[in-house]
Amino acid sequence: MDTMLAGRFHLDSKKFAVEEVPIPAPGPGEVLIEVKAAGVCLSDVHLLDGSLVPLFATSDTVTVGHEVAGVVHTLGPDLKRGLTIGTGVTLEAGKTCGRCAGCVRRRPCTQMLTAGIDYDGGWAEYVIAREDTLIPIPDSLPFDQAAIIPDAVSTPYAAVVTTAGVRPAQSVGVWGVGGVGAHNVRLARMVGAAPIIAVDPLPSARERALAFGADHALDPADPDFADQVRAATDGRGLDFAFDCAGVPAVRGQAASVLGLGGSLILVGITPRPLTITEGLTFNYLQKQVRGHYGGTPESVSELVRLTAAGRLDLAPSITDHIPLIDAADAVSRLENKIGDPIRLILVP
C-alpha cells in the first residue's frame with residue numbers, strides 16, 4: 001500500500017475533502033507516524049470557514065489537524081534521538097521554522113508554524129513529524145487522550161501556569177467552557193485557584209463546568225452578572241479573566257469585572273479587533289491585557305507526566321470517536337455545537 005486517506009484543505013478554493021494521497025516518506029531528522037487518533041479543534045473549523053488564514057503556509061493544500069497521537073512507523077535518516085519503531089507518541093501542535101538565525105527551540109519564535117494550518121497535520125492515516133516535535137507517551141495513556149494534550153489541554157495549561165502565573169487562592173473567571181475552556185477550569189482548580197467562575201450562555205456547558213471543578217457557573221446575559229461576580233469574590237473582582245471564546249463582547253465583559261491589578265488573558269483567537277471600552281477605571285485599577293497563543297514544548301511533556309501520574313484524567317474530555325472519512329461531519333458537529341462536544345476524535 002502506497003496511498004492513504006487524508007483530510008485536505010485547498011487554500012485557493014477553500015474546499016475540504018477526505019482524499020487519497022501518497023504516503024509521505026520521512027526525510028532527514030523526520031519520522032513517519034501511523035496516526036491512531038486526531039482531535040477536532042475549533043481552530044480547524046476556523047481554518048475551513050476562512051476566518052483563520054495561515055501565516056506561513058508551505059503549500060496551497062494542507063492536511064488539517066494539529067492534535068495527533070500514534071506510533072512511530074518509519075524512521076528517517078540522520079535522527080539524533082533514540083526513537084524506535086512502535087513507540088507511542090503525541091505530536092506537538094507546531095514547530096519552529098528552523099531557518100531563523102539563532103533559532104532556539106525553547107525560546108519564543110515569531111515564525112512558529114502550526115501543524116494542520118501551515119504544514120501537513122494529522123487528519124490522515126500517516127503523518128510526517130520532525131523528531132524534535134515528538135513526545136513519547138506511556139502505554140497507560142490512551143491515544144485519544146494523548147492526542148488532545150498538545151492543544152486542548154496544553155493551551156489553557158500554559159495560559160494558567162505561564163502567561164497568567166495563577167497562584168493558590170487567586171480568583172479566576174473562564175469565559176467559554178468548550179474544548180479549551182473546560183480544561184482551563186480543570187487546570188485552574190489543579191493549581192489551587194479560588195473561586196473559579198465559569199461563564200457560558202449554554203446551560204449544559206455551565207453544568208459541565210461545575211462538574212469539572214468550577215465553584216460558580218454564570219450566564220453572561222444575566223442582568224445581575226457583575227453583581228454575581230462581585231459577590232463570589234467578596235467584592236474584590238477577578239484576579240484573572242480567561243477569554244476562551246475569542247469573542248469581542250466577552251473581552252469587554254471580562255475586563256469590566258477584573259479587580260485591582262487583574263489581568264485579562266486572551267486565550268481564544270479571533271481576527272476581529274481588540275477593544276476595551278472601559279475608561280479611567282481600567283487605569284486606576286491597574287488592569288492588564290495579556291495575549292496568549294498555544295502551549296509550550298514544556299507544557300506538553302509536563303501534561304503527559306501529570307496524566308500518567310493520575311493527576312489529570314482526560315477521559316471525560318472525549319465526547320465521541322468518528323471515522324476519518326467522516327471528518328466533515330465532525331467539523332459540522334463542532335461548529336454547530338451538536339451534542340455540546342468537548343473533543344471529537346477522528347480515528348483512521
# chains A, B, ... in the order shown; residues from 1 in each chain; ligands from 1
call {"tool": "residues_around", "arguments": {"residues": "A:Leu55", "least_positions_apart": "4", "cutoff": "10 Å", "atoms": "only C-alpha atoms", "output": "VMD selection string"}}
result
chain A and resid 111 to 114 117 to 118
call {"tool": "residues_around", "arguments": {"residues": "A:Leu47", "least_positions_apart": "3", "cutoff": "10 Å", "atoms": "only C-alpha atoms", "output": "ChimeraX atom specification"}}
result
/A:9,11,14,42-44,50-54,64,116-117
call {"tool": "write_last_selection", "arguments": {"atoms": "N, CA and C atoms", "output": "PDB file, in the first residue's frame"}}
result
ATOM      1  N   PHE A   9      -7.342  20.420   2.911  1.00  0.00           N
ATOM      2  CA  PHE A   9      -7.979  21.714   2.700  1.00  0.00           C
ATOM      3  C   PHE A   9      -7.220  22.461   1.617  1.00  0.00           C
ATOM      4  N   LEU A  11      -6.370  25.736  -0.062  1.00  0.00           N
ATOM      5  CA  LEU A  11      -6.375  27.131   0.362  1.00  0.00           C
ATOM      6  C   LEU A  11      -6.931  28.063  -0.707  1.00  0.00           C
ATOM      7  N   LYS A  14     -10.815  27.026  -1.017  1.00  0.00           N
ATOM      8  CA  LYS A  14     -11.453  26.921   0.303  1.00  0.00           C
ATOM      9  C   LYS A  14     -12.331  25.672   0.410  1.00  0.00           C
ATOM     10  N   LEU A  42     -11.618  23.845  17.407  1.00  0.00           N
ATOM     11  CA  LEU A  42     -12.307  24.993  16.831  1.00  0.00           C
ATOM     12  C   LEU A  42     -11.403  25.750  15.863  1.00  0.00           C
ATOM     13  N   SER A  43     -10.089  25.687  16.063  1.00  0.00           N
ATOM     14  CA  SER A  43      -9.169  26.301  15.100  1.00  0.00           C
ATOM     15  C   SER A  43      -9.282  25.631  13.734  1.00  0.00           C
ATOM     16  N   ASP A  44      -9.530  24.325  13.720  1.00  0.00           N
ATOM     17  CA  ASP A  44      -9.744  23.632  12.452  1.00  0.00           C
ATOM     18  C   ASP A  44     -10.993  24.163  11.758  1.00  0.00           C
ATOM     19  N   GLY A  50     -12.567  29.945   6.739  1.00  0.00           N
ATOM     20  CA  GLY A  50     -11.857  31.084   6.184  1.00  0.00           C
ATOM     21  C   GLY A  50     -11.515  32.185   7.163  1.00  0.00           C
ATOM     22  N   SER A  51     -11.932  32.060   8.415  1.00  0.00           N
ATOM     23  CA  SER A  51     -11.648  33.116   9.384  1.00  0.00           C
ATOM     24  C   SER A  51     -10.240  33.012   9.969  1.00  0.00           C
ATOM     25  N   LEU A  52      -9.585  31.876   9.777  1.00  0.00           N
ATOM     26  CA  LEU A  52      -8.193  31.695  10.198  1.00  0.00           C
ATOM     27  C   LEU A  52      -7.346  31.478   8.945  1.00  0.00           C
ATOM     28  N   VAL A  53      -6.459  32.410   8.683  1.00  0.00           N
ATOM     29  CA  VAL A  53      -5.639  32.366   7.466  1.00  0.00           C
ATOM     30  C   VAL A  53      -4.208  31.983   7.836  1.00  0.00           C
ATOM     31  N   PRO A  54      -3.651  30.943   7.202  1.00  0.00           N
ATOM     32  CA  PRO A  54      -2.270  30.548   7.509  1.00  0.00           C
ATOM     33  C   PRO A  54      -1.288  31.688   7.245  1.00  0.00           C
ATOM     34  N   VAL A  64      -5.265  18.824   7.347  1.00  0.00           N
ATOM     35  CA  VAL A  64      -5.691  19.502   8.576  1.00  0.00           C
ATOM     36  C   VAL A  64      -5.326  18.655   9.799  1.00  0.00           C
ATOM     37  N   GLY A 116      -1.185  21.329  10.546  1.00  0.00           N
ATOM     38  CA  GLY A 116      -2.548  21.318  10.035  1.00  0.00           C
ATOM     39  C   GLY A 116      -3.038  22.652   9.536  1.00  0.00           C
ATOM     40  N   ILE A 117      -2.189  23.674   9.637  1.00  0.00           N
ATOM     41  CA  ILE A 117      -2.521  25.010   9.137  1.00  0.00           C
ATOM     42  C   ILE A 117      -1.414  25.487   8.199  1.00  0.00           C
TER      43      ILE A 117
END
call {"tool": "residues_around", "arguments": {"residues": "A:Leu75", "least_positions_apart": "3", "cutoff": "8 Å", "atoms": "only C-alpha atoms", "output": "count of residues only"}}
result
9
call {"tool": "atom_distance", "arguments": {"atom1": "atom CA of A:Glu20", "atom2": "atom CA of A:Val127"}}
result
13.6 Å
call {"tool": "closest_residue", "arguments": {"among": "A:Trp123, A:Val68, A:Arg206, A:His183", "to": "A:Val18", "atoms": "only C-alpha atoms"}}
result
A:Trp123
call {"tool": "decode", "arguments": {"residues": "stretch 220-231 of chain A", "atoms": "all heavy atoms", "output": "short mmCIF file (atom, residue, chain, number, x, y, z; two decimals), in the first residue's frame"}}
result
data_model
loop_
_atom_site.label_atom_id
_atom_site.label_comp_id
_atom_site.auth_asym_id
_atom_site.auth_seq_id
_atom_site.Cartn_x
_atom_site.Cartn_y
_atom_site.Cartn_z
N PRO A 220 -23.69 34.81 31.03
CA PRO A 220 -23.20 36.17 30.78
C PRO A 220 -24.31 37.17 30.47
O PRO A 220 -24.11 38.39 30.58
CB PRO A 220 -22.27 35.99 29.58
CG PRO A 220 -22.77 34.76 28.89
CD PRO A 220 -23.24 33.87 30.00
N ALA A 221 -25.49 36.67 30.08
CA ALA A 221 -26.60 37.55 29.74
C ALA A 221 -27.45 37.93 30.96
O ALA A 221 -28.37 38.75 30.84
CB ALA A 221 -27.50 36.89 28.69
N ASP A 222 -27.15 37.37 32.10
CA ASP A 222 -27.90 37.69 33.32
C ASP A 222 -27.72 39.17 33.66
O ASP A 222 -26.58 39.65 33.75
CB ASP A 222 -27.42 36.81 34.47
CG ASP A 222 -28.35 36.85 35.67
OD1 ASP A 222 -28.72 37.97 36.09
OD2 ASP A 222 -28.71 35.78 36.19
N PRO A 223 -28.79 39.91 33.84
CA PRO A 223 -28.64 41.34 34.15
C PRO A 223 -27.89 41.61 35.46
O PRO A 223 -27.36 42.71 35.65
CB PRO A 223 -30.10 41.83 34.24
CG PRO A 223 -30.93 40.61 34.42
CD PRO A 223 -30.21 39.50 33.74
N ASP A 224 -27.83 40.63 36.33
CA ASP A 224 -27.11 40.79 37.60
C ASP A 224 -25.71 40.17 37.55
O ASP A 224 -25.11 39.91 38.60
CB ASP A 224 -27.91 40.14 38.74
CG ASP A 224 -29.26 40.80 38.96
OD1 ASP A 224 -29.33 42.03 38.81
OD2 ASP A 224 -30.23 40.08 39.25
N PHE A 225 -25.21 39.96 36.34
CA PHE A 225 -23.94 39.24 36.19
C PHE A 225 -22.81 39.88 37.00
O PHE A 225 -22.12 39.20 37.76
CB PHE A 225 -23.54 39.18 34.71
CG PHE A 225 -22.19 38.56 34.47
CD1 PHE A 225 -22.03 37.19 34.45
CD2 PHE A 225 -21.06 39.36 34.30
CE1 PHE A 225 -20.78 36.61 34.25
CE2 PHE A 225 -19.81 38.80 34.10
CZ PHE A 225 -19.67 37.41 34.08
N ALA A 226 -22.60 41.18 36.83
CA ALA A 226 -21.49 41.84 37.53
C ALA A 226 -21.64 41.73 39.04
O ALA A 226 -20.65 41.51 39.76
CB ALA A 226 -21.40 43.29 37.09
N ASP A 227 -22.86 41.86 39.54
CA ASP A 227 -23.10 41.73 40.97
C ASP A 227 -22.79 40.31 41.45
O ASP A 227 -22.27 40.12 42.57
CB ASP A 227 -24.55 42.09 41.30
CG ASP A 227 -24.85 43.57 41.12
OD1 ASP A 227 -23.89 44.38 41.21
OD2 ASP A 227 -26.02 43.90 40.88
N GLN A 228 -23.10 39.32 40.63
CA GLN A 228 -22.82 37.93 40.99
C GLN A 228 -21.32 37.68 41.09
O GLN A 228 -20.85 36.96 41.99
CB GLN A 228 -23.45 36.99 39.96
CG GLN A 228 -24.97 36.98 39.99
CD GLN A 228 -25.56 36.18 38.84
OE1 GLN A 228 -24.92 35.94 37.83
NE2 GLN A 228 -26.82 35.76 39.01
N VAL A 229 -20.54 38.27 40.19
CA VAL A 229 -19.08 38.11 40.25
C VAL A 229 -18.54 38.80 41.50
O VAL A 229 -17.70 38.24 42.22
CB VAL A 229 -18.42 38.70 38.98
CG1 VAL A 229 -16.89 38.70 39.13
CG2 VAL A 229 -18.82 37.90 37.75
N ARG A 230 -19.04 39.99 41.78
CA ARG A 230 -18.56 40.69 42.98
C ARG A 230 -18.91 39.91 44.24
O ARG A 230 -18.09 39.81 45.17
CB ARG A 230 -19.18 42.10 43.04
CG ARG A 230 -18.49 43.11 42.15
CD ARG A 230 -18.96 44.53 42.45
NE ARG A 230 -20.32 44.74 41.96
CZ ARG A 230 -20.61 45.19 40.75
NH1 ARG A 230 -19.64 45.47 39.90
NH2 ARG A 230 -21.87 45.38 40.39
N ALA A 231 -20.10 39.32 44.27
CA ALA A 231 -20.49 38.54 45.45
C ALA A 231 -19.62 37.30 45.60
O ALA A 231 -19.22 36.94 46.73
CB ALA A 231 -21.96 38.14 45.34
#
